[in-house]
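Okay, so here's the structure we're looking at.
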Amino acid sequence: MSDTSATKPSRGDSSTWPRWLLLAALLGGNVALALGPWFVRLADTGPVSAAFWRLFLALPFLALIARTSGQALTGIPRKTLLLVALGSLAFAFDLSSWHIGIERTRLGNAVLFGNAGSIVLLFWGFVVARILPKGLEWLAIAFALGGAAILMGRSLEISFATLVGDLFCLAAGLAYAVYLLTLQDARAGKGQGSIGGWSLLVWVSIFAAPATLVAAIALGEPVWPSDWTPIIALFVTSQLIGQGLLVFSLRHFPPLIIGLALLTQPAVAALYGYAVFGEVLGGLDLLGMALLGSALVVARTEQPRTGPGLVVAKRD
């Protein structure tokens with residue numbers, strides 16, 4: 001997630017990499033991000049505390065990448081920082097709600113509902129433009145509603161707590177859409193009002209990490225882990241490997257390919273959810289996932305790209 005310009009590619013420019021390697025990075029980034037919920041469940045801290053650690057531990061690495069990329073971390077206008085702060089609070093709520101939901105519902109559901117921000121942004125585009133959906137957009141709406149209804153109905157059959165977990169993850173998806181919309185305005189500035197992609201992630205972590213820590217303490221969660229392995233694995237897979245590979249590859253693919261690659265996340269999560277946690281999926285579950293996943297692909301295809309840094313900041 002770095003600003004690009006129309007300059008001659010250097011030998012180290014990622015545009016010179018083979019296409020298969022870029023595709024492998026795109027898929028690998030999604031697989032790494034899909035492993036995050038596993039480590040949230042394994043962590044002996046609370047779920048919101050785990051969100052704090054993944055943000056806090058990422059800070060020095062993000063700052064180093066920003067400086068290496070030539071992006072300034074200071075001198076950002078107050079108005080831009082205010083927008084970033086507001087978006088970061090939405091992001092803190094997003095991560096907190098998502099992590100709580102991960103512990104209460106099936107992992108495949110958690111990943112799908114957590115990515116629902118793409119569909120929300122598609123709907124928001126209709127509101128802003130004051131136009132009705134057309135073509136595939138109507139299909140995305142029907143698939144999203146049908147898939148969500150099936151998955152939530154199946155969760156309710158398991159237990160009310162599982163349905164509540166779905167709702168927490170869906171709330172996370174809504175908050176993620178607010179986060180993206182807010183930070184689009186912060187990224188839209190020119191000259192002295194602009195902020196680089198990696199610098200943006202640094203400031204998001206600066207604002208969001210304390211918010212998640214306060215929320216974790218208010219909820220009475222244990223914050224300091226006795227076993228650091230799941231926390232470090234969560235931070236490395238979600239914040240370093242997942243984000244790093246996606247930032248490396250995303251700007252080289254159209255939205256349709258990005259949306260299709262996104263579907264590896266619920267597939268991987270459902271697979272280890274079954275193998276490790278015994279979460280069995282029936283035919284209706286698979287149908288619901290297929291419908292909601294298809295809606296996500298259409299939403300990613302039909303809406304304008306917001307830039308790779310914003311797309312992957314959470315799973316990001």
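Order determines the names: the first chain of the structure tokens is A, the second B, and so forth; residues in each chain are numbered 1 upward, and ligands are numbered 1 upward as they are shown.
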Pick out the residues sitting within 6 Å of segment 86-103 of chain A, and hand them over as a PDB file with N, CA, C and O atoms, in the first residue's frame; count only C-alpha atoms, and ignore anything fewer than 4 positions along from it in its own chain.
ATOM      1  N   PRO A  47     -10.616 -11.721  23.644  1.00  0.00           N
ATOM      2  CA  PRO A  47     -10.597 -11.462  22.203  1.00  0.00           C
ATOM      3  C   PRO A  47     -10.274 -10.018  21.853  1.00  0.00           C
ATOM      4  O   PRO A  47      -9.564  -9.750  20.874  1.00  0.00           O
ATOM      5  N   VAL A  48     -10.774  -9.060  22.638  1.00  0.00           N
ATOM      6  CA  VAL A  48     -10.465  -7.655  22.368  1.00  0.00           C
ATOM      7  C   VAL A  48      -9.004  -7.360  22.719  1.00  0.00           C
ATOM      8  O   VAL A  48      -8.338  -6.570  22.043  1.00  0.00           O
ATOM      9  N   ALA A 110     -17.661 -16.354  10.468  1.00  0.00           N
ATOM     10  CA  ALA A 110     -16.979 -15.171  10.980  1.00  0.00           C
ATOM     11  C   ALA A 110     -16.240 -14.437   9.865  1.00  0.00           C
ATOM     12  O   ALA A 110     -16.293 -13.206   9.769  1.00  0.00           O
ATOM     13  N   GLY A 165     -22.903 -14.584  17.763  1.00  0.00           N
ATOM     14  CA  GLY A 165     -21.573 -14.469  17.173  1.00  0.00           C
ATOM     15  C   GLY A 165     -21.637 -13.973  15.742  1.00  0.00           C
ATOM     16  O   GLY A 165     -20.827 -13.134  15.318  1.00  0.00           O
ATOM     17  N   PHE A 168     -22.255 -10.241  15.850  1.00  0.00           N
ATOM     18  CA  PHE A 168     -21.037  -9.502  16.182  1.00  0.00           C
ATOM     19  C   PHE A 168     -20.149  -9.349  14.942  1.00  0.00           C
ATOM     20  O   PHE A 168     -19.595  -8.266  14.690  1.00  0.00           O
ATOM     21  N   CYS A 169     -20.012 -10.419  14.168  1.00  0.00           N
ATOM     22  CA  CYS A 169     -19.178 -10.365  12.963  1.00  0.00           C
ATOM     23  C   CYS A 169     -19.790  -9.473  11.903  1.00  0.00           C
ATOM     24  O   CYS A 169     -19.076  -8.758  11.180  1.00  0.00           O
ATOM     25  N   ALA A 172     -19.121  -6.017  12.812  1.00  0.00           N
ATOM     26  CA  ALA A 172     -17.744  -5.704  12.443  1.00  0.00           C
ATOM     27  C   ALA A 172     -17.652  -5.305  10.978  1.00  0.00           C
ATOM     28  O   ALA A 172     -16.945  -4.353  10.621  1.00  0.00           O
ATOM     29  N   ALA A 175     -18.893  -1.764  10.628  1.00  0.00           N
ATOM     30  CA  ALA A 175     -17.915  -0.807  11.140  1.00  0.00           C
ATOM     31  C   ALA A 175     -16.736  -0.676  10.184  1.00  0.00           C
ATOM     32  O   ALA A 175     -16.171   0.417  10.026  1.00  0.00           O
ATOM     33  N   TYR A 176     -16.367  -1.774   9.525  1.00  0.00           N
ATOM     34  CA  TYR A 176     -15.261  -1.727   8.571  1.00  0.00           C
ATOM     35  C   TYR A 176     -15.606  -0.833   7.387  1.00  0.00           C
ATOM     36  O   TYR A 176     -14.755  -0.109   6.864  1.00  0.00           O
ATOM     37  N   TYR A 179     -15.106   2.660   8.484  1.00  0.00           N
ATOM     38  CA  TYR A 179     -13.657   2.893   8.503  1.00  0.00           C
ATOM     39  C   TYR A 179     -13.137   3.230   7.104  1.00  0.00           C
ATOM     40  O   TYR A 179     -12.407   4.211   6.910  1.00  0.00           O
ATOM     41  N   THR A 182     -14.422   6.680   5.844  1.00  0.00           N
ATOM     42  CA  THR A 182     -13.771   7.794   6.539  1.00  0.00           C
ATOM     43  C   THR A 182     -12.360   8.003   6.023  1.00  0.00           C
ATOM     44  O   THR A 182     -11.936   9.131   5.747  1.00  0.00           O
ATOM     45  N   LEU A 183     -11.623   6.916   5.868  1.00  0.00           N
ATOM     46  CA  LEU A 183     -10.228   7.054   5.462  1.00  0.00           C
ATOM     47  C   LEU A 183     -10.076   7.357   3.984  1.00  0.00           C
ATOM     48  O   LEU A 183      -9.028   7.821   3.560  1.00  0.00           O
ATOM     49  N   VAL A 204      -3.356   4.784  12.061  1.00  0.00           N
ATOM     50  CA  VAL A 204      -4.525   3.988  12.438  1.00  0.00           C
ATOM     51  C   VAL A 204      -4.197   3.141  13.666  1.00  0.00           C
ATOM     52  O   VAL A 204      -4.986   3.055  14.616  1.00  0.00           O
ATOM     53  N   PHE A 207      -3.995   5.284  16.889  1.00  0.00           N
ATOM     54  CA  PHE A 207      -5.295   5.665  17.450  1.00  0.00           C
ATOM     55  C   PHE A 207      -6.110   4.454  17.898  1.00  0.00           C
ATOM     56  O   PHE A 207      -6.805   4.505  18.914  1.00  0.00           O
ATOM     57  N   ALA A 208      -6.061   3.369  17.124  1.00  0.00           N
ATOM     58  CA  ALA A 208      -6.945   2.229  17.393  1.00  0.00           C
ATOM     59  C   ALA A 208      -6.444   1.352  18.536  1.00  0.00           C
ATOM     60  O   ALA A 208      -7.245   0.778  19.275  1.00  0.00           O
ATOM     61  N   THR A 212      -8.746  -0.142  21.694  1.00  0.00           N
ATOM     62  CA  THR A 212      -9.011  -1.553  21.970  1.00  0.00           C
ATOM     63  C   THR A 212      -8.539  -1.943  23.366  1.00  0.00           C
ATOM     64  O   THR A 212      -9.173  -2.771  24.029  1.00  0.00           O
TER      65      THR A 212
END
So which residues touch Gly242 of chain A within 7 Å, counting only C-alpha atoms, skipping near sequence neighbours fewer than 5 positions away, as JSON, numbers by chain? {"A": [29, 30, 32, 33, 237, 316]}
Same residues, C-alpha atoms, saved as a tab-separated table (two decimals), in the first residue's frame:
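The file below, out_0.tsv, is the result:
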chain	number	residue	atom	x	y	z
A	29	GLY	CA	-1.91	-13.26	1.64
A	30	ASN	CA	-5.54	-14.38	1.81
A	32	ALA	CA	-2.42	-16.05	5.93
A	33	LEU	CA	-5.26	-13.71	6.85
A	237	THR	CA	0.06	-13.91	9.99
A	316	ASP	CA	-6.75	-7.63	6.79
Segment 105-298 of chain A: which residues are alpha helix (DSSP H) by DSSP, as a PDB file with C-alpha atoms, in the first residue's frame?
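And here is the file that came out, selection.pdb:
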ATOM      1  CA  LEU A 107     -15.021 -19.670  11.624  1.00  0.00           C
ATOM      2  CA  GLY A 108     -16.324 -19.713   8.049  1.00  0.00           C
ATOM      3  CA  ASN A 109     -19.273 -17.545   9.105  1.00  0.00           C
ATOM      4  CA  ALA A 110     -16.979 -15.171  10.980  1.00  0.00           C
ATOM      5  CA  VAL A 111     -14.787 -14.563   7.934  1.00  0.00           C
ATOM      6  CA  LEU A 112     -17.713 -14.078   5.546  1.00  0.00           C
ATOM      7  CA  PHE A 113     -19.674 -11.700   7.782  1.00  0.00           C
ATOM      8  CA  GLY A 114     -16.494  -9.874   8.773  1.00  0.00           C
ATOM      9  CA  GLY A 117     -18.108  -4.223   4.389  1.00  0.00           C
ATOM     10  CA  SER A 118     -17.691  -4.695   0.630  1.00  0.00           C
ATOM     11  CA  ILE A 119     -21.443  -5.223   0.231  1.00  0.00           C
ATOM     12  CA  VAL A 120     -22.214  -2.278   2.532  1.00  0.00           C
ATOM     13  CA  LEU A 121     -20.013  -0.032   0.381  1.00  0.00           C
ATOM     14  CA  LEU A 122     -21.879  -1.194  -2.720  1.00  0.00           C
ATOM     15  CA  PHE A 123     -25.189  -0.206  -1.092  1.00  0.00           C
ATOM     16  CA  TRP A 124     -23.711   3.091   0.064  1.00  0.00           C
ATOM     17  CA  GLY A 125     -22.713   3.852  -3.509  1.00  0.00           C
ATOM     18  CA  PHE A 126     -26.369   3.570  -4.537  1.00  0.00           C
ATOM     19  CA  VAL A 127     -27.388   6.002  -1.759  1.00  0.00           C
ATOM     20  CA  VAL A 128     -24.738   8.589  -2.646  1.00  0.00           C
ATOM     21  CA  ALA A 129     -25.385   8.369  -6.386  1.00  0.00           C
ATOM     22  CA  LEU A 136     -25.411  -8.022 -11.301  1.00  0.00           C
ATOM     23  CA  GLU A 137     -25.920  -5.520  -8.485  1.00  0.00           C
ATOM     24  CA  TRP A 138     -29.451  -6.802  -7.912  1.00  0.00           C
ATOM     25  CA  LEU A 139     -28.029 -10.325  -7.981  1.00  0.00           C
ATOM     26  CA  ALA A 140     -25.447  -9.370  -5.336  1.00  0.00           C
ATOM     27  CA  ILE A 141     -28.198  -8.005  -3.090  1.00  0.00           C
ATOM     28  CA  ALA A 142     -30.308 -11.152  -3.484  1.00  0.00           C
ATOM     29  CA  PHE A 143     -27.318 -13.426  -2.871  1.00  0.00           C
ATOM     30  CA  ALA A 144     -26.205 -11.410   0.175  1.00  0.00           C
ATOM     31  CA  LEU A 145     -29.645 -11.473   1.801  1.00  0.00           C
ATOM     32  CA  GLY A 146     -30.252 -15.121   0.948  1.00  0.00           C
ATOM     33  CA  GLY A 147     -26.814 -16.299   2.066  1.00  0.00           C
ATOM     34  CA  ALA A 148     -26.946 -14.311   5.310  1.00  0.00           C
ATOM     35  CA  ALA A 149     -30.431 -15.638   6.106  1.00  0.00           C
ATOM     36  CA  ILE A 150     -29.344 -19.243   5.548  1.00  0.00           C
ATOM     37  CA  LEU A 151     -26.162 -18.931   7.613  1.00  0.00           C
ATOM     38  CA  MET A 152     -27.892 -17.148  10.488  1.00  0.00           C
ATOM     39  CA  GLY A 153     -30.744 -19.636  10.445  1.00  0.00           C
ATOM     40  CA  ARG A 154     -28.294 -22.509  10.612  1.00  0.00           C
ATOM     41  CA  SER A 155     -26.444 -20.789  13.478  1.00  0.00           C
ATOM     42  CA  LEU A 156     -29.692 -20.424  15.393  1.00  0.00           C
ATOM     43  CA  GLU A 157     -30.266 -24.164  14.975  1.00  0.00           C
ATOM     44  CA  ILE A 158     -26.958 -24.756  16.769  1.00  0.00           C
ATOM     45  CA  PHE A 160     -28.574 -18.692  20.232  1.00  0.00           C
ATOM     46  CA  ALA A 161     -24.959 -17.895  21.198  1.00  0.00           C
ATOM     47  CA  THR A 162     -23.796 -18.874  17.700  1.00  0.00           C
ATOM     48  CA  LEU A 163     -26.335 -16.496  16.150  1.00  0.00           C
ATOM     49  CA  VAL A 164     -25.081 -13.744  18.442  1.00  0.00           C
ATOM     50  CA  GLY A 165     -21.573 -14.469  17.173  1.00  0.00           C
ATOM     51  CA  ASP A 166     -22.798 -13.989  13.592  1.00  0.00           C
ATOM     52  CA  LEU A 167     -24.293 -10.637  14.573  1.00  0.00           C
ATOM     53  CA  PHE A 168     -21.037  -9.502  16.182  1.00  0.00           C
ATOM     54  CA  CYS A 169     -19.178 -10.365  12.963  1.00  0.00           C
ATOM     55  CA  LEU A 170     -21.802  -8.611  10.858  1.00  0.00           C
ATOM     56  CA  ALA A 171     -21.474  -5.522  13.067  1.00  0.00           C
ATOM     57  CA  ALA A 172     -17.744  -5.704  12.443  1.00  0.00           C
ATOM     58  CA  GLY A 173     -18.368  -5.684   8.695  1.00  0.00           C
ATOM     59  CA  LEU A 174     -20.556  -2.581   9.043  1.00  0.00           C
ATOM     60  CA  ALA A 175     -17.915  -0.807  11.140  1.00  0.00           C
ATOM     61  CA  TYR A 176     -15.261  -1.727   8.571  1.00  0.00           C
ATOM     62  CA  ALA A 177     -17.302   0.022   5.872  1.00  0.00           C
ATOM     63  CA  VAL A 178     -17.419   3.165   8.051  1.00  0.00           C
ATOM     64  CA  TYR A 179     -13.657   2.893   8.503  1.00  0.00           C
ATOM     65  CA  LEU A 180     -13.054   2.674   4.744  1.00  0.00           C
ATOM     66  CA  LEU A 181     -15.387   5.555   3.925  1.00  0.00           C
ATOM     67  CA  THR A 182     -13.771   7.794   6.539  1.00  0.00           C
ATOM     68  CA  LEU A 183     -10.228   7.054   5.462  1.00  0.00           C
ATOM     69  CA  GLN A 184     -11.047   7.541   1.790  1.00  0.00           C
ATOM     70  CA  ASP A 185     -11.488  11.224   2.634  1.00  0.00           C
ATOM     71  CA  ALA A 186      -8.160  11.249   4.477  1.00  0.00           C
ATOM     72  CA  ARG A 187      -6.410   9.696   1.474  1.00  0.00           C
ATOM     73  CA  GLY A 197      -0.623   4.417   2.624  1.00  0.00           C
ATOM     74  CA  TRP A 198       1.859   2.937   5.087  1.00  0.00           C
ATOM     75  CA  SER A 199       1.879   6.150   7.141  1.00  0.00           C
ATOM     76  CA  LEU A 200      -1.892   5.897   7.267  1.00  0.00           C
ATOM     77  CA  LEU A 201      -1.676   2.395   8.755  1.00  0.00           C
ATOM     78  CA  VAL A 202       0.811   3.647  11.349  1.00  0.00           C
ATOM     79  CA  TRP A 203      -1.574   6.372  12.495  1.00  0.00           C
ATOM     80  CA  VAL A 204      -4.525   3.988  12.438  1.00  0.00           C
ATOM     81  CA  SER A 205      -2.624   1.699  14.813  1.00  0.00           C
ATOM     82  CA  ILE A 206      -1.645   4.658  17.020  1.00  0.00           C
ATOM     83  CA  PHE A 207      -5.295   5.665  17.450  1.00  0.00           C
ATOM     84  CA  ALA A 208      -6.945   2.229  17.393  1.00  0.00           C
ATOM     85  CA  ALA A 209      -4.584   0.322  19.723  1.00  0.00           C
ATOM     86  CA  PRO A 210      -5.356   2.416  22.848  1.00  0.00           C
ATOM     87  CA  ALA A 211      -9.077   2.241  22.048  1.00  0.00           C
ATOM     88  CA  THR A 212      -9.011  -1.553  21.970  1.00  0.00           C
ATOM     89  CA  LEU A 213      -6.957  -1.649  25.173  1.00  0.00           C
ATOM     90  CA  VAL A 214      -9.475   0.558  26.990  1.00  0.00           C
ATOM     91  CA  ALA A 215     -12.336  -1.613  25.693  1.00  0.00           C
ATOM     92  CA  ALA A 216     -10.592  -4.815  26.813  1.00  0.00           C
ATOM     93  CA  ILE A 217     -10.022  -3.440  30.321  1.00  0.00           C
ATOM     94  CA  ALA A 218     -13.608  -2.165  30.521  1.00  0.00           C
ATOM     95  CA  THR A 229       2.694 -18.019  20.904  1.00  0.00           C
ATOM     96  CA  PRO A 230      -0.890 -17.436  19.615  1.00  0.00           C
ATOM     97  CA  ILE A 231      -0.537 -13.648  19.960  1.00  0.00           C
ATOM     98  CA  ILE A 232       2.725 -13.568  18.012  1.00  0.00           C
ATOM     99  CA  ALA A 233       1.302 -15.968  15.416  1.00  0.00           C
ATOM    100  CA  LEU A 234      -1.788 -13.723  15.064  1.00  0.00           C
ATOM    101  CA  GLN A 243      -0.863  -7.506   4.725  1.00  0.00           C
ATOM    102  CA  GLY A 244       2.613  -7.647   3.247  1.00  0.00           C
ATOM    103  CA  LEU A 245       1.723 -10.145   0.527  1.00  0.00           C
ATOM    104  CA  LEU A 246      -1.509  -8.362  -0.353  1.00  0.00           C
ATOM    105  CA  VAL A 247       0.125  -4.939  -0.534  1.00  0.00           C
ATOM    106  CA  PHE A 248       2.751  -6.508  -2.798  1.00  0.00           C
ATOM    107  CA  SER A 249       0.224  -8.027  -5.187  1.00  0.00           C
ATOM    108  CA  PRO A 255     -11.371  -6.221  -8.694  1.00  0.00           C
ATOM    109  CA  LEU A 256     -12.889  -9.489  -9.985  1.00  0.00           C
ATOM    110  CA  ILE A 257      -9.664 -11.422  -9.339  1.00  0.00           C
ATOM    111  CA  ILE A 258      -9.320  -9.774  -5.934  1.00  0.00           C
ATOM    112  CA  GLY A 259     -12.883 -10.780  -5.062  1.00  0.00           C
ATOM    113  CA  LEU A 260     -12.348 -14.369  -6.182  1.00  0.00           C
ATOM    114  CA  ALA A 261      -9.111 -14.586  -4.194  1.00  0.00           C
ATOM    115  CA  LEU A 262     -11.008 -13.304  -1.154  1.00  0.00           C
ATOM    116  CA  THR A 264     -10.021 -18.489  -0.157  1.00  0.00           C
ATOM    117  CA  GLN A 265     -10.412 -16.956   3.317  1.00  0.00           C
ATOM    118  CA  PRO A 266     -13.788 -18.509   4.302  1.00  0.00           C
ATOM    119  CA  ALA A 267     -12.802 -21.750   2.567  1.00  0.00           C
ATOM    120  CA  VAL A 268      -9.586 -22.062   4.594  1.00  0.00           C
ATOM    121  CA  ALA A 269     -11.344 -20.992   7.801  1.00  0.00           C
ATOM    122  CA  ALA A 270     -14.124 -23.544   7.279  1.00  0.00           C
ATOM    123  CA  LEU A 271     -11.536 -26.250   6.577  1.00  0.00           C
ATOM    124  CA  TYR A 272      -9.546 -25.832   9.774  1.00  0.00           C
ATOM    125  CA  GLY A 273     -12.751 -25.061  11.664  1.00  0.00           C
ATOM    126  CA  TYR A 274     -13.816 -28.613  10.822  1.00  0.00           C
ATOM    127  CA  ALA A 275     -10.392 -30.235  11.283  1.00  0.00           C
ATOM    128  CA  VAL A 276      -9.392 -28.490  14.524  1.00  0.00           C
ATOM    129  CA  PHE A 277     -12.626 -27.380  16.190  1.00  0.00           C
ATOM    130  CA  GLY A 283     -25.347 -28.728   2.520  1.00  0.00           C
ATOM    131  CA  LEU A 284     -27.335 -25.626   3.547  1.00  0.00           C
ATOM    132  CA  ASP A 285     -24.253 -24.138   5.204  1.00  0.00           C
ATOM    133  CA  LEU A 286     -22.276 -24.570   1.987  1.00  0.00           C
ATOM    134  CA  LEU A 287     -25.123 -23.025  -0.015  1.00  0.00           C
ATOM    135  CA  GLY A 288     -25.281 -20.013   2.294  1.00  0.00           C
ATOM    136  CA  MET A 289     -21.520 -19.543   2.087  1.00  0.00           C
ATOM    137  CA  ALA A 290     -21.614 -19.834  -1.702  1.00  0.00           C
ATOM    138  CA  LEU A 291     -24.369 -17.205  -1.968  1.00  0.00           C
ATOM    139  CA  LEU A 292     -22.757 -14.743   0.418  1.00  0.00           C
ATOM    140  CA  GLY A 293     -19.324 -15.328  -1.109  1.00  0.00           C
ATOM    141  CA  SER A 294     -20.725 -14.674  -4.584  1.00  0.00           C
ATOM    142  CA  ALA A 295     -22.234 -11.427  -3.325  1.00  0.00           C
ATOM    143  CA  LEU A 296     -18.834 -10.377  -2.002  1.00  0.00           C
ATOM    144  CA  VAL A 297     -17.229 -11.056  -5.384  1.00  0.00           C
ATOM    145  CA  VAL A 298     -19.860  -9.008  -7.228  1.00  0.00           C
TER     146      VAL A 298
END
May I ask for the distance between atom CA of His252 of chain A and atom CA of Leu22 of chain A, given in Å to one decimal place?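 So the answer is 7.6 Å.
One distance worth recording is that between atom CA of Ala51 of chain A and atom CA of Gly36 of chain A, which is 10.5 Å.
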Please, what distance in Å, to one decimal, runs between atom CA of Leu250 of chain A and atom CA of Arg300 of chain A?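 Computing it gives 12.6 Å between the two atoms.
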Given only C-alpha atoms as the counted atoms, nearest of A:Pro225, A:Gly220, A:Thr68, A:Thr105 to Leu42 of chain A: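 Among A:Pro225, A:Gly220, A:Thr68, A:Thr105, it is A:Pro225 that comes nearest to Leu42 of chain A.
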Ranking A:Val40, A:Ala58, A:Leu132, A:Leu23 by minimum distance to Val236 of chain A and counting only C-alpha atoms, which one comes first?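 The shortest atom-to-atom distance to Val236 of chain A comes from A:Ala58.
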